[in-house]
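K.L.:
Have a peek at final_39.tsv (TSV, C-alpha atoms and all ligand atoms).
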chain	number	residue	atom	x	y	z
A	20	MET	CA	8.40	9.08	25.49
A	21	LEU	CA	8.77	12.02	23.14
A	22	SER	CA	5.98	14.50	22.81
A	23	PRO	CA	3.77	13.25	19.99
A	24	GLN	CA	3.01	16.74	18.76
A	25	LYS	CA	6.65	17.47	18.12
A	26	PHE	CA	7.00	15.57	14.84
A	27	PHE	CA	5.21	16.10	11.56
A	28	THR	CA	3.44	12.77	11.11
A	29	VAL	CA	2.33	11.11	7.87
A	30	ASP	CA	0.60	7.72	7.85
A	31	ILE	CA	1.28	6.16	4.43
A	32	HIS	CA	-0.98	3.12	4.88
A	33	THR	CA	-4.66	3.92	5.44
A	34	HIS	CA	-7.72	2.68	3.56
A	35	ILE	CA	-10.85	4.52	2.51
A	36	ILE	CA	-13.96	3.63	0.51
A	37	PRO	CA	-16.91	5.69	-0.76
A	38	GLU	CA	-19.95	5.59	1.51
A	39	ASN	CA	-22.01	4.15	-1.32
A	40	LEU	CA	-20.92	1.91	-4.17
A	41	PRO	CA	-22.75	1.31	-7.45
A	42	ARG	CA	-24.28	-2.12	-7.94
A	43	TRP	CA	-21.62	-3.11	-10.45
A	44	LYS	CA	-22.85	-6.69	-10.75
A	45	GLU	CA	-26.23	-5.46	-11.99
A	46	LYS	CA	-24.61	-2.95	-14.30
A	47	PHE	CA	-21.98	-5.26	-15.80
A	48	GLY	CA	-24.07	-8.43	-15.68
A	49	TYR	CA	-21.50	-10.71	-14.09
A	50	GLY	CA	-19.01	-11.11	-11.33
A	51	GLU	CA	-18.62	-10.86	-7.61
A	52	PHE	CA	-18.27	-7.13	-7.10
A	53	ILE	CA	-18.30	-5.64	-3.63
A	54	HIS	CA	-21.30	-3.67	-2.47
A	55	LEU	CA	-22.11	-2.08	0.88
A	56	GLU	CA	-25.14	-2.73	3.07
A	57	HIS	CA	-25.68	0.07	5.58
A	58	HIS	CA	-27.54	-2.06	8.10
A	59	LYS	CA	-27.26	0.28	11.10
A	60	PRO	CA	-25.98	3.79	11.82
A	61	CYS	CA	-22.24	4.24	11.31
A	62	CYS	CA	-21.74	0.63	10.18
A	63	ALA	CA	-21.86	-1.20	6.88
A	64	LYS	CA	-21.32	-4.74	5.73
A	65	MET	CA	-19.00	-5.27	2.78
A	66	MET	CA	-20.74	-7.95	0.75
A	67	VAL	CA	-19.52	-10.10	-2.14
A	68	ASP	CA	-22.88	-10.98	-3.68
A	69	ASP	CA	-24.74	-12.46	-0.72
A	70	ALA	CA	-21.57	-13.41	1.14
A	71	PHE	CA	-20.43	-11.29	4.06
A	72	PHE	CA	-16.80	-10.13	3.70
A	73	ARG	CA	-16.17	-7.60	6.46
A	74	GLU	CA	-17.94	-5.16	8.74
A	75	ILE	CA	-16.68	-1.61	8.39
A	76	GLU	CA	-17.43	1.53	10.37
A	77	SER	CA	-17.96	5.10	9.29
A	78	ASN	CA	-14.28	5.97	9.77
A	79	CYS	CA	-13.82	3.92	6.60
A	80	TRP	CA	-15.66	6.57	4.55
A	81	ASP	CA	-16.21	9.70	6.65
A	82	PRO	CA	-13.30	12.17	6.33
A	83	ILE	CA	-14.50	14.25	9.29
A	84	GLN	CA	-14.40	11.26	11.58
A	85	ARG	CA	-11.00	10.32	10.22
A	86	LEU	CA	-9.68	13.79	11.00
A	87	THR	CA	-11.09	13.60	14.53
A	88	GLU	CA	-9.28	10.32	15.06
A	89	CYS	CA	-6.10	11.74	13.47
A	90	GLY	CA	-6.30	14.44	16.13
A	91	HIS	CA	-6.36	11.82	18.88
A	92	HIS	CA	-3.46	9.96	17.24
A	93	HIS	CA	-1.34	13.04	16.42
A	94	VAL	CA	-1.36	12.15	12.73
A	95	ASP	CA	-1.05	15.23	10.52
A	96	VAL	CA	-1.59	13.57	7.13
A	97	GLN	CA	-3.17	10.32	6.02
A	98	VAL	CA	-2.23	8.79	2.67
A	99	LEU	CA	-5.49	7.34	1.36
A	100	SER	CA	-5.79	4.16	-0.70
A	101	THR	CA	-8.67	1.87	-1.52
A	102	ILE	CA	-9.31	-1.44	0.26
A	103	PRO	CA	-7.42	-4.10	-1.72
A	104	ILE	CA	-10.50	-6.24	-2.33
A	105	MET	CA	-11.69	-3.37	-4.56
A	106	PHE	CA	-8.80	-3.90	-7.05
A	107	SER	CA	-11.08	-6.04	-9.31
A	108	TYR	CA	-8.18	-7.14	-11.52
A	109	TRP	CA	-10.26	-10.16	-12.50
A	110	ALA	CA	-12.97	-8.02	-14.13
A	111	GLU	CA	-13.27	-7.18	-17.82
A	112	PRO	CA	-10.68	-4.43	-18.43
A	113	LYS	CA	-13.22	-1.75	-19.37
A	114	ASP	CA	-15.22	-2.53	-16.22
A	115	GLY	CA	-12.06	-2.52	-14.12
A	116	LEU	CA	-11.29	0.91	-15.55
A	117	GLU	CA	-14.76	2.20	-14.62
A	118	ILE	CA	-14.37	0.93	-11.05
A	119	ALA	CA	-10.89	2.46	-10.76
A	120	GLN	CA	-12.17	5.80	-12.06
A	121	PHE	CA	-15.02	5.80	-9.54
A	122	LEU	CA	-12.70	5.06	-6.62
A	123	ASN	CA	-10.00	7.46	-7.80
A	124	ASP	CA	-12.46	10.33	-8.26
A	125	HIS	CA	-13.70	9.73	-4.73
A	126	ILE	CA	-10.20	9.82	-3.20
A	127	ALA	CA	-9.23	12.86	-5.27
A	128	GLY	CA	-12.40	14.60	-4.06
A	129	VAL	CA	-11.59	13.96	-0.40
A	130	CYS	CA	-8.01	15.18	-0.91
A	131	SER	CA	-9.11	18.35	-2.68
A	132	ARG	CA	-11.45	19.20	0.22
A	133	TYR	CA	-8.67	18.71	2.81
A	134	PRO	CA	-5.42	19.18	0.86
A	135	LYS	CA	-3.29	19.68	3.96
A	136	ARG	CA	-4.59	16.53	5.67
A	137	PHE	CA	-4.98	13.87	2.98
A	138	VAL	CA	-2.82	12.64	0.10
A	139	GLY	CA	-4.34	10.22	-2.39
A	140	LEU	CA	-3.17	7.03	-4.06
A	141	GLY	CA	-5.14	5.73	-7.02
A	142	THR	CA	-5.93	2.22	-8.19
A	143	LEU	CA	-5.47	0.98	-11.78
A	144	PRO	CA	-6.96	-1.72	-14.00
A	145	MET	CA	-3.66	-3.62	-13.91
A	146	GLN	CA	-5.18	-6.40	-16.03
A	147	HIS	CA	-4.79	-4.16	-19.11
A	148	SER	CA	-1.54	-2.20	-19.46
A	149	GLU	CA	-2.87	0.42	-21.89
A	150	LEU	CA	-5.95	1.23	-19.82
A	151	ALA	CA	-3.85	1.21	-16.66
A	152	ILE	CA	-1.44	3.79	-18.10
A	153	LYS	CA	-4.34	5.88	-19.37
A	154	GLU	CA	-5.87	5.94	-15.88
A	155	LEU	CA	-2.45	6.54	-14.32
A	156	ARG	CA	-2.11	9.73	-16.38
A	157	ARG	CA	-5.60	10.80	-15.29
A	158	CYS	CA	-4.71	10.08	-11.64
A	159	LYS	CA	-1.81	12.49	-11.97
A	160	GLU	CA	-4.11	15.12	-13.51
A	161	ILE	CA	-6.66	14.89	-10.70
A	162	GLY	CA	-3.97	15.38	-8.06
A	163	LEU	CA	-3.22	11.90	-6.79
A	164	LYS	CA	0.41	11.42	-5.76
A	165	GLY	CA	0.80	7.72	-6.41
A	166	ILE	CA	-0.83	4.36	-6.99
A	167	GLN	CA	-1.56	1.35	-4.81
A	168	ILE	CA	-1.35	-2.06	-6.50
A	169	GLY	CA	-1.67	-5.64	-5.33
A	170	SER	CA	1.22	-8.03	-4.82
A	171	HIS	CA	0.22	-9.83	-8.02
A	172	VAL	CA	-2.17	-9.32	-10.91
A	173	ASN	CA	-4.41	-12.30	-11.56
A	174	HIS	CA	-1.58	-14.52	-10.34
A	175	LEU	CA	0.99	-12.91	-12.60
A	176	ASN	CA	3.85	-11.74	-10.42
A	177	LEU	CA	5.20	-8.20	-10.61
A	178	ASN	CA	8.10	-9.22	-12.85
A	179	ASP	CA	5.61	-10.10	-15.59
A	180	PRO	CA	6.39	-8.17	-18.79
A	181	SER	CA	2.81	-6.83	-18.89
A	182	THR	CA	3.37	-4.72	-15.79
A	183	PHE	CA	6.71	-3.19	-16.78
A	184	PRO	CA	5.28	-0.42	-19.01
A	185	ILE	CA	3.01	0.61	-16.13
A	186	PHE	CA	5.96	0.85	-13.73
A	187	GLU	CA	7.92	2.74	-16.38
A	188	ALA	CA	5.08	5.24	-16.76
A	189	MET	CA	4.91	5.66	-12.97
A	190	GLN	CA	8.60	6.57	-12.93
A	191	ASP	CA	8.18	8.97	-15.87
A	192	LEU	CA	5.17	10.63	-14.21
A	193	ASP	CA	6.84	10.84	-10.80
A	194	MET	CA	4.07	8.80	-9.14
A	195	ALA	CA	4.86	6.86	-5.96
A	196	LEU	CA	3.96	3.16	-5.85
A	197	PHE	CA	2.52	1.35	-2.82
A	198	VAL	CA	2.44	-2.46	-3.02
A	199	HIS	CA	-0.15	-4.14	-0.80
A	200	PRO	CA	-0.59	-7.91	-0.36
A	201	TRP	CA	-3.92	-9.35	-1.37
A	202	TRP	CA	-5.64	-12.61	-2.28
A	203	TYR	CA	-2.94	-14.83	-1.12
A	204	SER	CA	-1.50	-17.59	-3.28
A	205	ALA	CA	-2.01	-20.34	-0.74
A	206	ASN	CA	-5.41	-19.15	0.49
A	207	LYS	CA	-7.10	-22.50	-0.04
A	208	LYS	CA	-4.55	-24.15	2.26
A	209	MET	CA	-5.37	-21.72	5.06
A	210	PRO	CA	-9.02	-22.08	6.01
A	211	ASP	CA	-8.45	-21.65	9.76
A	212	TYR	CA	-7.02	-19.27	12.32
A	213	TRP	CA	-7.08	-16.13	10.11
A	214	LEU	CA	-3.97	-17.60	8.45
A	215	PRO	CA	-4.37	-15.81	5.11
A	216	TRP	CA	-3.80	-12.58	7.05
A	217	LEU	CA	-1.13	-13.92	9.43
A	218	VAL	CA	0.89	-16.15	7.10
A	219	GLY	CA	-0.32	-15.47	3.57
A	220	MET	CA	0.03	-11.69	3.56
A	221	PRO	CA	3.66	-11.59	4.76
A	222	ALA	CA	4.57	-14.25	2.20
A	223	GLU	CA	2.78	-12.31	-0.55
A	224	THR	CA	4.75	-9.17	0.22
A	225	SER	CA	8.05	-11.05	0.09
A	226	LEU	CA	6.91	-12.57	-3.22
A	227	ALA	CA	6.29	-9.07	-4.58
A	228	ILE	CA	9.67	-7.70	-3.42
A	229	CYS	CA	11.60	-10.72	-4.75
A	230	SER	CA	9.72	-10.57	-8.07
A	231	MET	CA	10.67	-6.92	-8.50
A	232	ILE	CA	14.32	-7.51	-7.49
A	233	PHE	CA	14.95	-10.64	-9.54
A	234	GLY	CA	12.84	-9.39	-12.45
A	235	GLY	CA	15.18	-6.39	-12.66
A	236	ILE	CA	12.48	-3.78	-12.04
A	237	PHE	CA	14.55	-1.85	-9.50
A	238	GLU	CA	17.63	-2.20	-11.72
A	239	ARG	CA	15.90	-0.85	-14.81
A	240	LEU	CA	13.83	1.81	-13.04
A	241	PRO	CA	16.13	3.32	-10.42
A	242	ARG	CA	13.93	6.40	-9.93
A	243	LEU	CA	10.71	4.43	-9.31
A	244	ARG	CA	9.79	5.08	-5.66
A	245	VAL	CA	8.19	1.93	-4.23
A	246	ALA	CA	6.91	1.27	-0.71
A	247	PHE	CA	5.77	-2.13	0.53
A	248	ALA	CA	3.17	-2.71	3.24
A	249	HIS	CA	3.52	-4.50	6.59
A	250	GLY	CA	7.24	-3.85	6.99
A	251	GLY	CA	7.98	-5.89	3.86
A	252	GLY	CA	6.24	-8.99	5.23
A	253	SER	CA	8.60	-11.94	5.55
A	254	PHE	CA	11.22	-10.44	3.21
A	255	PRO	CA	13.41	-8.66	5.79
A	256	SER	CA	13.72	-11.72	8.04
A	257	THR	CA	14.57	-14.03	5.12
A	258	ILE	CA	16.91	-11.80	3.09
A	259	GLY	CA	19.87	-13.92	4.28
A	260	ARG	CA	18.27	-17.02	2.79
A	261	ILE	CA	17.32	-15.12	-0.37
A	262	GLU	CA	20.89	-13.90	-0.86
A	263	HIS	CA	22.26	-17.37	-0.17
A	264	GLY	CA	19.93	-18.76	-2.83
A	265	TRP	CA	21.33	-16.20	-5.27
A	266	HIS	CA	24.88	-17.38	-4.46
A	267	ALA	CA	24.03	-21.09	-4.45
A	268	ARG	CA	21.84	-21.39	-7.53
A	269	PRO	CA	22.36	-18.44	-9.85
A	270	ASP	CA	21.10	-20.68	-12.65
A	271	LEU	CA	17.66	-20.49	-10.97
A	272	VAL	CA	17.76	-17.10	-9.26
A	273	ALA	CA	19.90	-14.70	-11.30
A	274	ILE	CA	18.47	-15.39	-14.74
A	275	ASP	CA	16.96	-11.94	-15.34
A	276	ASN	CA	19.15	-9.81	-13.08
A	277	PRO	CA	22.76	-10.73	-12.26
A	278	ASN	CA	23.03	-8.51	-9.17
A	279	ASN	CA	23.02	-9.53	-5.52
A	280	PRO	CA	19.52	-8.89	-4.10
A	281	LYS	CA	21.07	-6.94	-1.23
A	282	LYS	CA	22.08	-4.29	-3.76
A	283	TYR	CA	18.50	-3.00	-3.62
A	284	LEU	CA	18.26	-2.64	0.17
A	285	GLY	CA	17.79	1.07	0.66
A	286	GLN	CA	16.26	1.61	-2.78
A	287	PHE	CA	12.66	0.91	-1.71
A	288	TRP	CA	10.59	1.92	1.32
A	289	LEU	CA	8.81	-0.26	3.90
A	290	ASP	CA	6.04	0.83	6.20
A	291	SER	CA	6.50	0.49	9.94
A	292	LEU	CA	3.65	-1.95	10.59
A	293	VAL	CA	5.55	-4.76	12.35
A	294	HIS	CA	4.02	-4.60	15.89
A	295	ASP	CA	7.42	-5.34	17.47
A	296	PRO	CA	10.13	-2.88	18.59
A	297	LYS	CA	12.95	-5.36	17.93
A	298	MET	CA	11.73	-5.84	14.38
A	299	LEU	CA	11.51	-2.09	13.83
A	300	HIS	CA	15.13	-1.69	15.02
A	301	TYR	CA	16.15	-4.48	12.65
A	302	LEU	CA	14.41	-2.83	9.68
A	303	ILE	CA	16.25	0.41	10.40
A	304	ASP	CA	19.57	-1.48	10.48
A	305	LEU	CA	18.65	-3.27	7.25
A	306	ILE	CA	17.48	-0.45	4.99
A	307	GLY	CA	17.88	2.79	6.97
A	308	ALA	CA	15.47	5.01	8.88
A	309	ASN	CA	15.09	7.15	5.76
A	310	ARG	CA	13.37	4.20	4.07
A	311	ILE	CA	10.91	3.31	6.86
A	312	ALA	CA	7.66	5.28	6.96
A	313	LEU	CA	4.80	5.13	9.42
A	314	GLY	CA	2.02	2.89	8.11
A	315	SER	CA	-0.88	1.84	10.33
A	316	ASP	CA	-3.44	0.05	8.12
A	317	TYR	CA	-6.04	2.39	9.63
A	318	PRO	CA	-8.90	1.67	10.29
A	319	PHE	CA	-8.57	-2.11	10.33
A	320	PRO	CA	-8.07	-4.39	13.32
A	321	LEU	CA	-4.74	-5.91	12.28
A	322	GLY	CA	-3.32	-2.41	12.04
A	323	GLU	CA	-1.77	-0.22	14.71
A	324	ASP	CA	-4.56	0.94	17.07
A	325	ASN	CA	-2.76	4.17	17.87
A	326	PRO	CA	-0.84	5.00	14.69
A	327	GLY	CA	2.76	5.95	15.41
A	328	SER	CA	2.82	4.55	18.95
A	329	LEU	CA	5.36	1.81	18.16
A	330	ILE	CA	7.76	4.40	16.72
A	331	ARG	CA	7.20	6.89	19.54
A	332	ASN	CA	7.58	4.26	22.27
A	333	CYS	CA	10.96	3.16	20.91
A	334	ASN	CA	12.51	6.47	22.04
A	335	PHE	CA	14.79	6.77	19.06
A	336	ALA	CA	16.97	9.85	18.66
A	337	PRO	CA	14.80	12.78	17.50
A	338	GLU	CA	16.24	12.77	13.97
A	339	ILE	CA	15.36	9.07	13.57
A	340	THR	CA	11.86	9.56	14.98
A	341	SER	CA	11.36	12.48	12.63
A	342	GLN	CA	12.31	10.34	9.64
A	343	LEU	CA	10.09	7.42	10.64
A	344	LEU	CA	7.06	9.56	11.40
A	345	GLY	CA	7.20	11.95	8.47
A	346	THR	CA	10.35	12.72	6.49
A	347	SER	CA	10.69	9.27	4.91
A	348	ALA	CA	7.08	9.45	3.76
A	349	LEU	CA	7.58	12.88	2.23
A	350	GLU	CA	10.61	11.63	0.31
A	351	TRP	CA	8.65	8.62	-0.96
A	352	LEU	CA	5.81	10.89	-2.09
A	353	ASN	CA	8.26	13.52	-3.40
A	354	MET	CA	6.41	16.13	-1.35
A	355	HIS	CA	7.59	18.81	1.05
A	356	LEU	CA	6.47	20.31	4.34
A	357	SER	CA	5.49	23.44	2.39
A	358	ASP	CA	2.88	21.36	0.53
A	359	PHE	CA	1.09	21.13	3.87
A	360	GLY	CA	1.45	24.76	4.85
A	361	ARG	CA	4.35	24.08	7.20
B	401	ZN	ZN	-3.75	-2.39	4.31
Just give me the structure of the file as structure tokens.

P.N.:
Amino acid sequence: MLSPQKFFTVDIHTHIIPENLPRWKEKFGYGEFIHLEHHKPCCAKMMVDDAFFREIESNCWDPIQRLTECGHHHVDVQVLSTIPIMFSYWAEPKDGLEIAQFLNDHIAGVCSRYPKRFVGLGTLPMQHSELAIKELRRCKEIGLKGIQIGSHVNHLNLNDPSTFPIFEAMQDLDMALFVHPWWYSANKKMPDYWLPWLVGMPAETSLAICSMIFGGIFERLPRLRVAFAHGGGSFPSTIGRIEHGWHARPDLVAIDNPNNPKKYLGQFWLDSLVHDPKMLHYLIDLIGANRIALGSDYPFPLGEDNPGSLIRNCNFAPEITSQLLGTSALEWLNMHLSDFGR
């Protein structure tokens, strides 16, 4: 195994949340907004009204603890994004904007305190294009380097015309885009076995990639830098079927974009979170090591416990390892080693 200290390491997929959240339900007078109950030291319950959603620990909000753990994991930089349940796309647009501003200011604050260790992604009120673009511009001003969005917006897929101006503005503003699966289409069919996470999420990510390919987003916005979570979910393993569908039924598939979906392999990034060395090798064959970037889903249990270990344990050639651990991420973010004092 290669020395972990040897490679500049950026983790593009980590989640953070403020230690305390406003009681938005009381303020806005409706809805099922998340709040935190700090019921014992270093732990909090994420609650949706009175319903328990998830237990989180202080590494979810404490940057010092995160940096300590980064030291153990040999991670130089974490890219911070909110927890997808905070997207609140279902809220009134003005309330969604207020939530996004609160979360974005928090992430920007953490990044400004530790500019060589954290890079921030914002969240937007995607349910309202104008407000989303307004907040996107503000995100750029406060130093965030990109935006994280969900795999759909209130069940509109990412080819929906309402999202295109937001993507266009991201390209114009040179903001990276991270697409994370959330609130899975078939959730109600998956009550058992943690299936929304194991089956729903990978399907959601493939839905997002296919929507952006067939909707012509990548064709019309060739400079938009997009990364998808969880190694692209089920997309990479079903691209053969997807291409065959394009050949077999262009009347159904190629209605908004005439090009073969494989044209876009190598245009977008995937994170490395596949938990399987054979799958990681396959992703590199499919889209290139320069389009795969370490992503761990820190600090959650379905993520990689020791971020970067899958990549390091594969014993790739040093130039490949260097790309997977850091260089691909820098290219996606349009940042340079010098931005981190290297
Ligand atoms: Zn995640």

K.L.:
Which residues sit within 10 Å of ligand ZN 401 (chain B), counting all atoms listed in the file, listed as a list in words?

P.N.:
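Those within range of ligand ZN 401 (chain B) are Ile31, His32, Thr33, His34, Ser100, Thr101, Ile102, Pro103, Val198, His199, Pro200, Trp201, Ala248, His249, Leu292, Gly314, Ser315, Asp316, Tyr317, Pro318, Phe319, Leu321 and Gly322 of chain A.
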
K.L.:
Go ahead and compute the interatomic distance for atom CA of A:Leu163 and atom CA of A:Gly360, in Å to one decimal.

P.N.:
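Pair atom CA of A:Leu163 / atom CA of A:Gly360 returns 18.0 Å.
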
K.L.:
Tell me, as a list in words, which residues lie within 8 Å of stretch 65-79 of chain A, counting only C-alpha atoms; anything in the same chain fewer than 5 positions away does not count.

P.N.:
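Residues meeting the cut-off are His34, Ile35, Ile36, Glu51, Phe52, Ile53, His54, Leu55, Glu56, Gln84, Arg85 and Pro318 of chain A.
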
K.L.:
Counting all atoms listed in the file, which of A:Met354, A:Leu192, A:Ile306, A:Cys229 gets nearest to A:Pro280?

P.N.:
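Ranked by minimum distance to A:Pro280, first place goes to A:Cys229.
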
K.L.:
If we count all atoms listed in the file and set the cut-off at 9 Å, which residues sit around A:Asn206, ignoring sequence neighbours fewer than 6 positions away in its own chain? Please answer as a list in words.

P.N.:
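That gives Leu214, Pro215 and Gly219 of chain A.
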